[in-house]
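Student: If it helps, the file is called work_22.cif and holds mmCIF, C-alpha atoms:
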data_query
loop_
_atom_site.group_PDB
_atom_site.id
_atom_site.type_symbol
_atom_site.label_atom_id
_atom_site.label_comp_id
_atom_site.auth_asym_id
_atom_site.auth_seq_id
_atom_site.Cartn_x
_atom_site.Cartn_y
_atom_site.Cartn_z
ATOM 1 C CA MET M 12 -73.977 164.497 193.218
ATOM 2 C CA ILE M 13 -71.763 167.574 192.954
ATOM 3 C CA THR M 14 -68.877 165.817 194.689
ATOM 4 C CA ASP M 15 -68.950 162.628 192.580
ATOM 5 C CA PRO M 16 -65.944 163.495 190.342
ATOM 6 C CA LEU M 17 -63.863 164.328 193.411
ATOM 7 C CA LYS M 18 -64.851 161.108 195.170
ATOM 8 C CA ILE M 19 -63.986 159.082 192.058
ATOM 9 C CA PHE M 20 -60.600 160.806 191.768
ATOM 10 C CA VAL M 21 -59.750 160.252 195.455
ATOM 11 C CA THR M 22 -60.830 156.595 195.295
ATOM 12 C CA VAL M 23 -58.677 155.941 192.226
ATOM 13 C CA VAL M 24 -55.679 157.562 193.928
ATOM 14 C CA GLU M 25 -56.114 155.616 197.169
ATOM 15 C CA HIS M 26 -56.534 152.280 195.390
ATOM 16 C CA LYS M 27 -53.878 153.137 192.792
ATOM 17 C CA ASN M 28 -56.048 151.222 190.371
ATOM 18 C CA PHE M 29 -59.003 152.125 188.138
ATOM 19 C CA SER M 30 -60.592 148.677 188.289
ATOM 20 C CA ARG M 31 -60.572 148.433 192.100
ATOM 21 C CA ALA M 32 -61.909 151.976 192.389
ATOM 22 C CA ALA M 33 -64.707 151.163 189.949
ATOM 23 C CA GLU M 34 -65.582 148.048 191.941
ATOM 24 C CA GLU M 35 -65.766 149.965 195.223
ATOM 25 C CA LEU M 36 -67.919 152.701 193.661
ATOM 26 C CA TYR M 37 -70.193 150.262 191.797
ATOM 27 C CA LEU M 38 -69.306 151.875 188.486
ATOM 28 C CA SER M 39 -67.869 150.545 185.251
ATOM 29 C CA GLN M 40 -64.188 151.166 184.606
ATOM 30 C CA PRO M 41 -64.950 153.223 181.449
ATOM 31 C CA SER M 42 -67.221 155.476 183.549
ATOM 32 C CA VAL M 43 -64.444 156.025 186.078
ATOM 33 C CA SER M 44 -61.916 156.769 183.331
ATOM 34 C CA LEU M 45 -64.331 159.217 181.691
ATOM 35 C CA GLN M 46 -64.883 161.086 184.959
ATOM 36 C CA ILE M 47 -61.137 161.451 185.474
ATOM 37 C CA ARG M 48 -60.662 162.711 181.902
ATOM 38 C CA ASN M 49 -63.512 165.226 182.347
ATOM 39 C CA LEU M 50 -61.926 166.425 185.582
ATOM 40 C CA GLU M 51 -58.561 166.840 183.868
ATOM 41 C CA ASN M 52 -60.210 168.752 180.999
ATOM 42 C CA GLU M 53 -61.996 171.024 183.456
ATOM 43 C CA LEU M 54 -58.757 171.761 185.335
ATOM 44 C CA GLY M 55 -56.724 172.023 182.148
ATOM 45 C CA THR M 56 -54.003 169.695 183.396
ATOM 46 C CA LYS M 57 -53.130 166.004 183.605
ATOM 47 C CA LEU M 58 -53.688 164.566 187.083
ATOM 48 C CA ILE M 59 -52.717 160.918 186.649
ATOM 49 C CA ASN M 60 -50.050 159.205 184.568
ATOM 50 C CA ARG M 61 -51.402 155.836 183.454
ATOM 51 C CA SER M 62 -49.475 152.745 182.424
ATOM 52 C CA PRO M 63 -50.432 149.065 182.156
ATOM 53 C CA LYS M 64 -48.522 148.219 185.342
ATOM 54 C CA HIS M 65 -48.992 151.172 187.657
ATOM 55 C CA LEU M 66 -50.621 154.538 188.238
ATOM 56 C CA GLU M 67 -48.931 157.630 189.627
ATOM 57 C CA LEU M 68 -49.983 161.201 190.285
ATOM 58 C CA THR M 69 -48.539 164.119 188.375
ATOM 59 C CA GLN M 70 -47.401 167.148 190.351
ATOM 60 C CA SER M 71 -50.792 168.717 189.649
ATOM 61 C CA GLY M 72 -52.470 165.519 190.803
ATOM 62 C CA GLU M 73 -50.547 165.559 194.095
ATOM 63 C CA ILE M 74 -51.719 169.106 194.760
ATOM 64 C CA PHE M 75 -55.311 168.468 193.752
ATOM 65 C CA TYR M 76 -55.583 165.236 195.771
ATOM 66 C CA GLY M 77 -55.049 167.087 199.059
ATOM 67 C CA TYR M 78 -57.661 169.699 198.194
ATOM 68 C CA ALA M 79 -60.122 167.082 196.938
ATOM 69 C CA LYS M 80 -59.849 165.179 200.237
ATOM 70 C CA ASN M 81 -60.495 168.369 202.199
ATOM 71 C CA ILE M 82 -63.445 169.346 200.024
ATOM 72 C CA LEU M 83 -65.052 165.937 200.533
ATOM 73 C CA LEU M 84 -64.497 166.158 204.292
ATOM 74 C CA LEU M 85 -66.004 169.648 204.422
ATOM 75 C CA TYR M 86 -68.965 168.549 202.307
ATOM 76 C CA ASP M 87 -69.673 165.606 204.617
ATOM 77 C CA LYS M 88 -69.262 167.795 207.690
ATOM 78 C CA GLY M 89 -71.672 170.401 206.327
ATOM 79 C CA LYS M 90 -74.228 167.737 205.443
ATOM 80 C CA GLU M 91 -73.899 166.163 208.874
ATOM 81 C CA GLU M 92 -74.453 169.490 210.639
ATOM 82 C CA ILE M 93 -77.554 170.091 208.560
ATOM 83 C CA ASP M 94 -78.811 166.572 209.320
ATOM 84 C CA GLN M 95 -78.190 167.112 213.019
ATOM 85 C CA LEU M 96 -80.914 169.757 212.956
ATOM 86 C CA SER M 97 -83.354 166.860 212.634
ATOM 87 C CA ASN M 98 -81.267 164.439 214.761
ATOM 88 C CA VAL M 99 -80.472 162.258 211.745
ATOM 89 C CA VAL M 100 -77.024 160.656 211.630
ATOM 90 C CA THR M 101 -75.758 160.447 208.044
ATOM 91 C CA GLY M 102 -72.473 160.420 206.184
ATOM 92 C CA GLY M 103 -69.926 157.725 205.572
ATOM 93 C CA LEU M 104 -67.853 155.607 207.900
ATOM 94 C CA LYS M 105 -64.692 153.727 206.950
ATOM 95 C CA VAL M 106 -64.022 151.030 209.537
ATOM 96 C CA GLY M 107 -60.967 148.824 209.651
ATOM 97 C CA ALA M 108 -60.409 145.654 211.640
ATOM 98 C CA SER M 109 -57.616 143.175 212.121
ATOM 99 C CA ASN M 110 -58.510 139.670 211.001
ATOM 100 C CA THR M 111 -59.777 138.039 214.193
ATOM 101 C CA ILE M 112 -62.017 140.961 215.108
ATOM 102 C CA GLY M 113 -63.098 141.493 211.517
ATOM 103 C CA GLU M 114 -64.205 137.888 211.114
ATOM 104 C CA TYR M 115 -65.722 137.143 214.516
ATOM 105 C CA ILE M 116 -66.855 140.402 216.162
ATOM 106 C CA LEU M 117 -67.252 143.248 213.662
ATOM 107 C CA PRO M 118 -70.184 141.710 211.699
ATOM 108 C CA PHE M 119 -72.369 141.653 214.834
ATOM 109 C CA VAL M 120 -71.480 145.234 215.774
ATOM 110 C CA LEU M 121 -72.077 146.543 212.235
ATOM 111 C CA THR M 122 -75.428 144.774 211.942
ATOM 112 C CA GLU M 123 -76.767 146.525 215.038
ATOM 113 C CA PHE M 124 -75.285 149.881 214.045
ATOM 114 C CA ALA M 125 -76.720 149.691 210.521
ATOM 115 C CA ALA M 126 -80.174 148.898 211.910
ATOM 116 C CA GLN M 127 -80.024 151.888 214.236
ATOM 117 C CA PHE M 128 -78.435 154.329 211.770
ATOM 118 C CA PRO M 129 -79.531 153.248 208.272
ATOM 119 C CA ASN M 130 -78.477 156.549 206.682
ATOM 120 C CA VAL M 131 -74.779 155.983 207.409
ATOM 121 C CA GLY M 132 -72.821 154.371 204.595
ATOM 122 C CA ILE M 133 -70.259 151.887 205.896
ATOM 123 C CA GLU M 134 -67.110 150.588 204.206
ATOM 124 C CA THR M 135 -64.947 147.990 205.935
ATOM 125 C CA SER M 136 -61.360 146.918 205.457
ATOM 126 C CA ILE M 137 -60.038 143.738 207.095
ATOM 127 C CA SER M 138 -56.329 142.998 207.208
ATOM 128 C CA ASN M 139 -53.601 142.390 209.761
ATOM 129 C CA THR M 140 -52.889 144.819 212.589
ATOM 130 C CA GLU M 141 -49.870 146.429 210.919
ATOM 131 C CA GLU M 142 -51.674 147.189 207.649
ATOM 132 C CA ILE M 143 -54.779 148.496 209.415
ATOM 133 C CA SER M 144 -52.632 150.743 211.628
ATOM 134 C CA GLN M 145 -50.911 152.182 208.561
ATOM 135 C CA ALA M 146 -54.309 152.926 206.986
ATOM 136 C CA ILE M 147 -55.342 154.810 210.135
ATOM 137 C CA ARG M 148 -52.101 156.828 210.071
ATOM 138 C CA GLY M 149 -52.804 157.800 206.471
ATOM 139 C CA ASN M 150 -56.426 158.732 207.284
ATOM 140 C CA TYR M 151 -57.683 156.159 204.779
ATOM 141 C CA LEU M 152 -59.849 154.779 207.610
ATOM 142 C CA ASP M 153 -61.861 156.675 210.204
ATOM 143 C CA LEU M 154 -61.318 154.181 213.006
ATOM 144 C CA ALA M 155 -60.315 150.575 213.488
ATOM 145 C CA LEU M 156 -60.468 147.609 215.820
ATOM 146 C CA VAL M 157 -57.152 145.834 216.290
ATOM 147 C CA GLU M 158 -55.864 142.901 218.299
ATOM 148 C CA GLY M 159 -52.152 143.692 218.287
ATOM 149 C CA ASP M 160 -50.086 146.284 220.123
ATOM 150 C CA VAL M 161 -49.868 149.710 218.504
ATOM 151 C CA ASN M 162 -47.727 152.728 219.350
ATOM 152 C CA PRO M 163 -49.740 154.860 221.809
ATOM 153 C CA SER M 164 -48.028 158.017 220.562
ATOM 154 C CA ASP M 165 -49.586 157.516 217.112
ATOM 155 C CA PHE M 166 -53.224 156.888 218.039
ATOM 156 C CA VAL M 167 -56.118 157.564 220.341
ATOM 157 C CA ILE M 168 -56.621 154.113 221.877
ATOM 158 C CA HIS M 169 -59.704 152.731 223.665
ATOM 159 C CA PRO M 170 -59.178 149.208 225.116
ATOM 160 C CA LEU M 171 -62.409 147.264 224.596
ATOM 161 C CA ILE M 172 -62.170 143.682 225.758
ATOM 162 C CA GLU M 173 -59.625 141.202 227.015
ATOM 163 C CA ASP M 174 -58.817 138.349 224.654
ATOM 164 C CA GLU M 175 -57.234 135.125 225.836
ATOM 165 C CA ILE M 176 -54.647 133.465 223.629
ATOM 166 C CA ILE M 177 -54.703 129.677 223.912
ATOM 167 C CA LEU M 178 -52.563 126.835 222.632
ATOM 168 C CA VAL M 179 -54.449 124.420 220.408
ATOM 169 C CA VAL M 180 -53.215 121.048 219.178
ATOM 170 C CA PRO M 181 -54.662 118.234 217.066
ATOM 171 C CA ASN M 182 -56.686 115.749 219.103
ATOM 172 C CA GLN M 183 -54.249 112.962 218.196
ATOM 173 C CA HIS M 184 -51.158 114.985 219.192
ATOM 174 C CA PRO M 185 -49.112 113.685 222.180
ATOM 175 C CA LEU M 186 -49.568 117.046 223.946
ATOM 176 C CA ALA M 187 -53.343 116.604 223.850
ATOM 177 C CA ARG M 188 -52.944 114.268 226.835
ATOM 178 C CA VAL M 189 -50.940 116.794 228.880
ATOM 179 C CA PRO M 190 -53.224 119.080 230.957
ATOM 180 C CA ILE M 191 -50.590 121.780 231.573
ATOM 181 C CA VAL M 192 -47.507 122.139 229.401
ATOM 182 C CA THR M 193 -44.169 123.782 230.141
ATOM 183 C CA ALA M 194 -41.569 125.230 227.819
ATOM 184 C CA ASP M 195 -39.880 121.829 227.801
ATOM 185 C CA HIS M 196 -43.015 120.222 226.343
ATOM 186 C CA LEU M 197 -43.003 122.796 223.557
ATOM 187 C CA GLN M 198 -39.448 122.226 222.388
ATOM 188 C CA ASP M 199 -38.953 120.967 218.819
ATOM 189 C CA GLN M 200 -42.612 121.138 217.874
ATOM 190 C CA VAL M 201 -44.088 122.010 214.477
ATOM 191 C CA TRP M 202 -45.826 125.391 214.752
ATOM 192 C CA ILE M 203 -48.453 127.020 212.579
ATOM 193 C CA LEU M 204 -47.966 130.790 212.596
ATOM 194 C CA ARG M 205 -49.811 133.773 211.190
ATOM 195 C CA GLU M 206 -48.089 136.110 208.747
ATOM 196 C CA SER M 207 -45.780 138.944 209.849
ATOM 197 C CA GLY M 208 -47.780 142.025 210.800
ATOM 198 C CA SER M 209 -50.490 139.979 212.488
ATOM 199 C CA GLY M 210 -51.161 140.695 216.152
ATOM 200 C CA THR M 211 -51.371 136.967 216.859
ATOM 201 C CA ARG M 212 -48.037 136.399 215.097
ATOM 202 C CA ALA M 213 -46.358 139.061 217.224
ATOM 203 C CA PHE M 214 -47.792 137.414 220.338
ATOM 204 C CA SER M 215 -46.567 133.961 219.239
ATOM 205 C CA ASP M 216 -43.086 135.230 218.367
ATOM 206 C CA LYS M 217 -42.747 136.906 221.768
ATOM 207 C CA LEU M 218 -43.826 133.800 223.680
ATOM 208 C CA ILE M 219 -41.468 131.542 221.718
ATOM 209 C CA LYS M 220 -38.573 133.941 222.314
ATOM 210 C CA ASP M 221 -39.348 134.641 225.980
ATOM 211 C CA ARG M 222 -39.730 130.938 226.850
ATOM 212 C CA GLY M 223 -36.643 129.903 224.877
ATOM 213 C CA ILE M 224 -38.611 127.504 222.688
ATOM 214 C CA HIS M 225 -36.848 125.849 219.767
ATOM 215 C CA VAL M 226 -39.153 125.505 216.759
ATOM 216 C CA GLN M 227 -38.535 122.359 214.751
ATOM 217 C CA LYS M 228 -40.439 123.681 211.750
ATOM 218 C CA SER M 229 -43.065 126.322 211.103
ATOM 219 C CA TYR M 230 -45.763 126.943 208.536
ATOM 220 C CA VAL M 231 -47.001 130.487 207.911
ATOM 221 C CA ILE M 232 -50.705 130.765 207.097
ATOM 222 C CA GLY M 233 -52.463 134.049 206.423
ATOM 223 C CA SER M 234 -55.768 133.724 208.277
ATOM 224 C CA GLY M 235 -57.028 132.516 211.634
ATOM 225 C CA GLN M 236 -59.645 130.345 209.948
ATOM 226 C CA ALA M 237 -56.974 128.536 207.928
ATOM 227 C CA VAL M 238 -54.717 128.176 210.982
ATOM 228 C CA LYS M 239 -57.336 126.354 213.023
ATOM 229 C CA GLN M 240 -58.250 124.091 210.103
ATOM 230 C CA ALA M 241 -54.567 123.219 209.702
ATOM 231 C CA VAL M 242 -54.403 122.296 213.405
ATOM 232 C CA ILE M 243 -57.506 120.147 213.097
ATOM 233 C CA ALA M 244 -55.926 118.407 210.090
ATOM 234 C CA GLY M 245 -52.851 117.576 212.168
ATOM 235 C CA LEU M 246 -50.290 119.908 210.580
ATOM 236 C CA GLY M 247 -48.986 121.322 213.866
ATOM 237 C CA ILE M 248 -49.760 123.351 216.983
ATOM 238 C CA ALA M 249 -50.713 127.026 217.206
ATOM 239 C CA LEU M 250 -51.490 129.930 219.486
ATOM 240 C CA VAL M 251 -54.859 131.437 218.588
ATOM 241 C CA SER M 252 -57.475 133.781 219.983
ATOM 242 C CA SER M 253 -60.071 131.949 222.044
ATOM 243 C CA TRP M 254 -62.697 133.730 219.931
ATOM 244 C CA ILE M 255 -61.895 131.782 216.787
ATOM 245 C CA VAL M 256 -62.015 128.247 218.188
ATOM 246 C CA ARG M 257 -65.085 128.303 220.432
ATOM 247 C CA LYS M 258 -67.221 126.180 218.135
ATOM 248 C CA GLU M 259 -64.412 123.741 217.393
ATOM 249 C CA LEU M 260 -63.625 123.257 221.092
ATOM 250 C CA ASN M 261 -67.290 122.652 221.891
ATOM 251 C CA ALA M 262 -67.428 120.146 219.029
ATOM 252 C CA ARG M 263 -64.153 118.566 220.286
ATOM 253 C CA GLU M 264 -62.519 118.954 216.903
ATOM 254 C CA LEU M 265 -59.250 120.061 218.513
ATOM 255 C CA THR M 266 -57.740 120.324 221.992
ATOM 256 C CA ALA M 267 -56.865 123.439 223.997
ATOM 257 C CA ILE M 268 -53.948 123.195 226.420
ATOM 258 C CA ARG M 269 -52.936 125.511 229.217
ATOM 259 C CA ILE M 270 -49.319 126.738 229.255
ATOM 260 C CA LYS M 271 -47.859 126.861 232.759
ATOM 261 C CA GLY M 272 -47.746 130.373 234.186
ATOM 262 C CA LYS M 273 -50.017 133.369 233.800
ATOM 263 C CA ARG M 274 -52.950 133.333 231.406
ATOM 264 C CA LEU M 275 -51.923 134.629 227.989
ATOM 265 C CA THR M 276 -54.032 137.708 227.341
ATOM 266 C CA ARG M 277 -54.134 140.850 225.251
ATOM 267 C CA PHE M 278 -56.700 143.559 224.560
ATOM 268 C CA PHE M 279 -58.810 144.221 221.517
ATOM 269 C CA SER M 280 -58.712 147.994 221.071
ATOM 270 C CA LEU M 281 -60.430 150.755 219.155
ATOM 271 C CA ILE M 282 -57.899 153.106 217.559
ATOM 272 C CA LYS M 283 -58.212 156.450 215.791
ATOM 273 C CA SER M 284 -55.737 158.899 214.335
ATOM 274 C CA LYS M 285 -54.975 161.842 216.607
ATOM 275 C CA ASN M 286 -55.299 164.286 213.710
ATOM 276 C CA HIS M 287 -58.466 162.885 212.105
ATOM 277 C CA GLU M 288 -61.516 165.091 212.628
ATOM 278 C CA GLN M 289 -64.346 163.138 214.225
ATOM 279 C CA SER M 290 -67.674 163.079 212.405
ATOM 280 C CA LYS M 291 -71.044 162.471 214.020
ATOM 281 C CA ALA M 292 -71.076 158.955 212.535
ATOM 282 C CA MET M 293 -67.676 158.256 214.134
ATOM 283 C CA GLU M 294 -68.913 159.626 217.438
ATOM 284 C CA VAL M 295 -72.023 157.446 217.628
ATOM 285 C CA PHE M 296 -70.190 154.357 216.355
ATOM 286 C CA THR M 297 -67.498 154.825 219.002
ATOM 287 C CA GLU M 298 -70.125 155.226 221.697
ATOM 288 C CA GLN M 299 -71.861 152.049 220.561
ATOM 289 C CA LEU M 300 -68.592 150.090 220.605
ATOM 290 C CA LEU M 301 -67.726 151.249 224.123
ATOM 291 C CA THR M 302 -71.129 150.156 225.413
ATOM 292 C CA HIS M 303 -71.846 147.143 223.190
ATOM 293 C CA GLU M 304 -73.057 144.089 225.104
ATOM 294 C CA LEU M 305 -70.748 141.757 223.172
ATOM 295 C CA LEU M 306 -67.741 143.858 224.193
ATOM 296 C CA THR M 307 -68.747 144.481 227.816
ATOM 297 C CA SER M 308 -70.101 141.052 228.754
ATOM 298 C CA VAL M 309 -66.571 139.725 229.435
ATOM 299 C CA ASP M 310 -64.536 141.182 232.286
ATOM 300 C CA LYS M 311 -61.650 143.363 231.159
#
Please rewrite the model in this file as structure tokens.
Tutor:
Amino acid sequence: MITDPLKIFVTVVEHKNFSRAAEELYLSQPSVSLQIRNLENELGTKLINRSPKHLELTQSGEIFYGYAKNILLLYDKGKEEIDQLSNVVTGGLKVGASNTIGEYILPFVLTEFAAQFPNVGIETSISNTEEISQAIRGNYLDLALVEGDVNPSDFVIHPLIEDEIILVVPNQHPLARVPIVTADHLQDQVWILRESGSGTRAFSDKLIKDRGIHVQKSYVIGSGQAVKQAVIAGLGIALVSSWIVRKELNARELTAIRIKGKRLTRFFSLIKSKNHEQSKAMEVFTEQLLTHELLTSVDK
């Protein structure tokens, strides 16, 4: 394809690594390196300074990167407009998701979308809310689904579904026999927390602070799946999305406890950059998300 060298260059820059770029593009690293060298020869200038530990753009590379991104966007837009003449949705879609949504909701949504629009190439990135938000700001992703709060001045935000945060404890824990706990019950407990930047971590930190809870000890674990397994094993207690423990609660592998007061809820939201031009693929994917049965079957 005429745009292949530009796509390879942009992918290398965004990953800051030849090997990771090659992996994403399903190419060998020597092929990627050769394409970059050919591009530099054609332009008559060095674009990337290489070293064993890091990669950085030259001044020429900085200039060319911006133009390469725009050329690729214009190429995709032109192809999409041509495809629209026959009502075919094509192009690429880069979708991000914070961990809970990425593990428990996004696969179902993508499966249906891919079946309906097989000519759209989809790349996904799953990380915590903070990292996904930064990728949207930098236009490395087209859109994303996040579970944490984001600054409304930075994004176009579509709330999708209410998520309940619940307290889970090991079945053998003394609190497992208390139907409704207060802040006093939660004093001096061992907590299992997600990493900083996680939407669930921010929610947990706020509750602990607002309720004046003293944490005896905490363990930081970087995924919801690992958090719930640690609770089941008896390591401590945790606040988690109700989405991630449905099977375990039904199987009675752990115990959910209500905290006195209002239900603990937040929204899963679709976010986009305010300055990112919307493609046809983004438009139809957004429409599907806003009307998807999985995301509209629970009251907001």
Student: Neighbouring residues of stretch 51-61 of chain M were defined as those with any atom within 8 Å, considering all atoms listed in the file; residues of the same chain fewer than 2 positions away were excluded. Please report them as a list in words.
Tutor: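 Final neighbour list, sorted by chain and number: Ile47, Arg48, Asn49, Pro63, His65, Leu66, Glu67, Leu68, Thr69, Gln70, Ser71, Gly72, Glu73 and Phe75 of chain M.
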Student: Report, in Å to a single decimal, how far apart atom CA of M:Ile203 and atom CA of M:Gln227 are.
Tutor: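 Between atom CA of M:Gln227 and atom CA of M:Ile203 the gap is 11.2 Å.
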Student: Enter the distance from atom CA of M:Lys88 to atom CA of M:Thr302, in Å, rounded to one decimal.
Tutor: 25.1 Å
Student: For the file shown, report as a list in words the outcome of the PyMOL selection byres ((chain M and resi 129) around 12) at residue level.
Tutor: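 For this structure, the PyMOL selection byres ((chain M and resi 129) around 12) captures Val99, Val100, Thr101, Gly102, Gly103, Leu104, Leu121, Thr122, Glu123, Phe124, Ala125, Ala126, Gln127, Phe128, Asn130, Val131, Gly132, Ile133 and Ala292 of chain M.
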Student: Pick out the residues sitting within 12 Å of M:Ser164, and hand them over as a list in words; count only C-alpha atoms, and ignore anything fewer than 4 positions along from it in its own chain.
Tutor: Arg148, Asp160, Ile168, Ile282, Lys283, Ser284, Lys285 and Asn286 of chain M
Student: Write out as CSV a residue-level contact list of stretch 82-181 of chain M versus stretch 242-260 of chain M with cut-off 12 Å: for each qualifying residue the closest pair of atoms and the distance in Å to one decimal, counting all atoms listed in the file, rows sorted by chain and residue number upward.
Tutor:
residue,atom,partner,partner_atom,distance
M:Asn110,CA,M:Ile255,CA,10.4
M:Thr111,CA,M:Ile255,CA,7.1
M:Ile112,CA,M:Trp254,CA,8.7
M:Gly113,CA,M:Ile255,CA,11.1
M:Glu114,CA,M:Ile255,CA,8.6
M:Tyr115,CA,M:Ile255,CA,7.0
M:Ile116,CA,M:Trp254,CA,8.7
M:Glu158,CA,M:Ser252,CA,9.4
M:Gly159,CA,M:Ser252,CA,11.4
M:Ile172,CA,M:Trp254,CA,11.5
M:Glu173,CA,M:Ser252,CA,10.4
M:Asp174,CA,M:Ser252,CA,6.7
M:Glu175,CA,M:Ser253,CA,5.7
M:Ile176,CA,M:Ser252,CA,4.6
M:Ile177,CA,M:Leu250,CA,5.5
M:Leu178,CA,M:Leu250,CA,4.5
M:Val179,CA,M:Ala249,CA,5.6
M:Val180,CA,M:Ile248,CA,4.7
M:Pro181,CA,M:Ile243,CA,5.2
Student: Can you write out the residues you just picked, keeping C-alpha atoms, as an mmCIF file, in the frame of the given file?
Tutor:
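Saved to out-v7.cif:
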data_model
loop_
_atom_site.group_PDB
_atom_site.id
_atom_site.type_symbol
_atom_site.label_atom_id
_atom_site.label_comp_id
_atom_site.auth_asym_id
_atom_site.auth_seq_id
_atom_site.Cartn_x
_atom_site.Cartn_y
_atom_site.Cartn_z
ATOM 1 C CA ASN M 110 -58.510 139.670 211.001
ATOM 2 C CA THR M 111 -59.777 138.039 214.193
ATOM 3 C CA ILE M 112 -62.017 140.961 215.108
ATOM 4 C CA GLY M 113 -63.098 141.493 211.517
ATOM 5 C CA GLU M 114 -64.205 137.888 211.114
ATOM 6 C CA TYR M 115 -65.722 137.143 214.516
ATOM 7 C CA ILE M 116 -66.855 140.402 216.162
ATOM 8 C CA GLU M 158 -55.864 142.901 218.299
ATOM 9 C CA GLY M 159 -52.152 143.692 218.287
ATOM 10 C CA ILE M 172 -62.170 143.682 225.758
ATOM 11 C CA GLU M 173 -59.625 141.202 227.015
ATOM 12 C CA ASP M 174 -58.817 138.349 224.654
ATOM 13 C CA GLU M 175 -57.234 135.125 225.836
ATOM 14 C CA ILE M 176 -54.647 133.465 223.629
ATOM 15 C CA ILE M 177 -54.703 129.677 223.912
ATOM 16 C CA LEU M 178 -52.563 126.835 222.632
ATOM 17 C CA VAL M 179 -54.449 124.420 220.408
ATOM 18 C CA VAL M 180 -53.215 121.048 219.178
ATOM 19 C CA PRO M 181 -54.662 118.234 217.066
#
Student: Is it possible to get the axis-aligned box enclosing stretch 64-82 of chain M (all listed atoms, 8 Å extra per side) as lines of an AutoDock Vina configuration file, with centre and edge lengths in Å rounded to one decimal?
Tutor:
center_x = -55.4
center_y = 159.0
center_z = 193.8
size_x = 32.0
size_y = 37.5
size_z = 32.9
Student: In Å to one decimal, how far is atom CA of M:Val157 from atom CA of M:Phe279?
Tutor: 5.7 Å
Student: Using only C-alpha atoms, pick whichever of M:Ile219, M:Leu281, M:Val161, M:Ala267 has the shortest atom-to-atom distance to M:Gly107.
Tutor: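 The shortest atom-to-atom distance to M:Gly107 comes from M:Leu281.
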Student: Could you tell me which of M:Lys271, M:Lys105, M:Ser62, M:Leu300 comes closest to M:Val189 if we count all atoms listed in the file?
Tutor: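 For M:Val189, the nearest of the given residues is M:Lys271.
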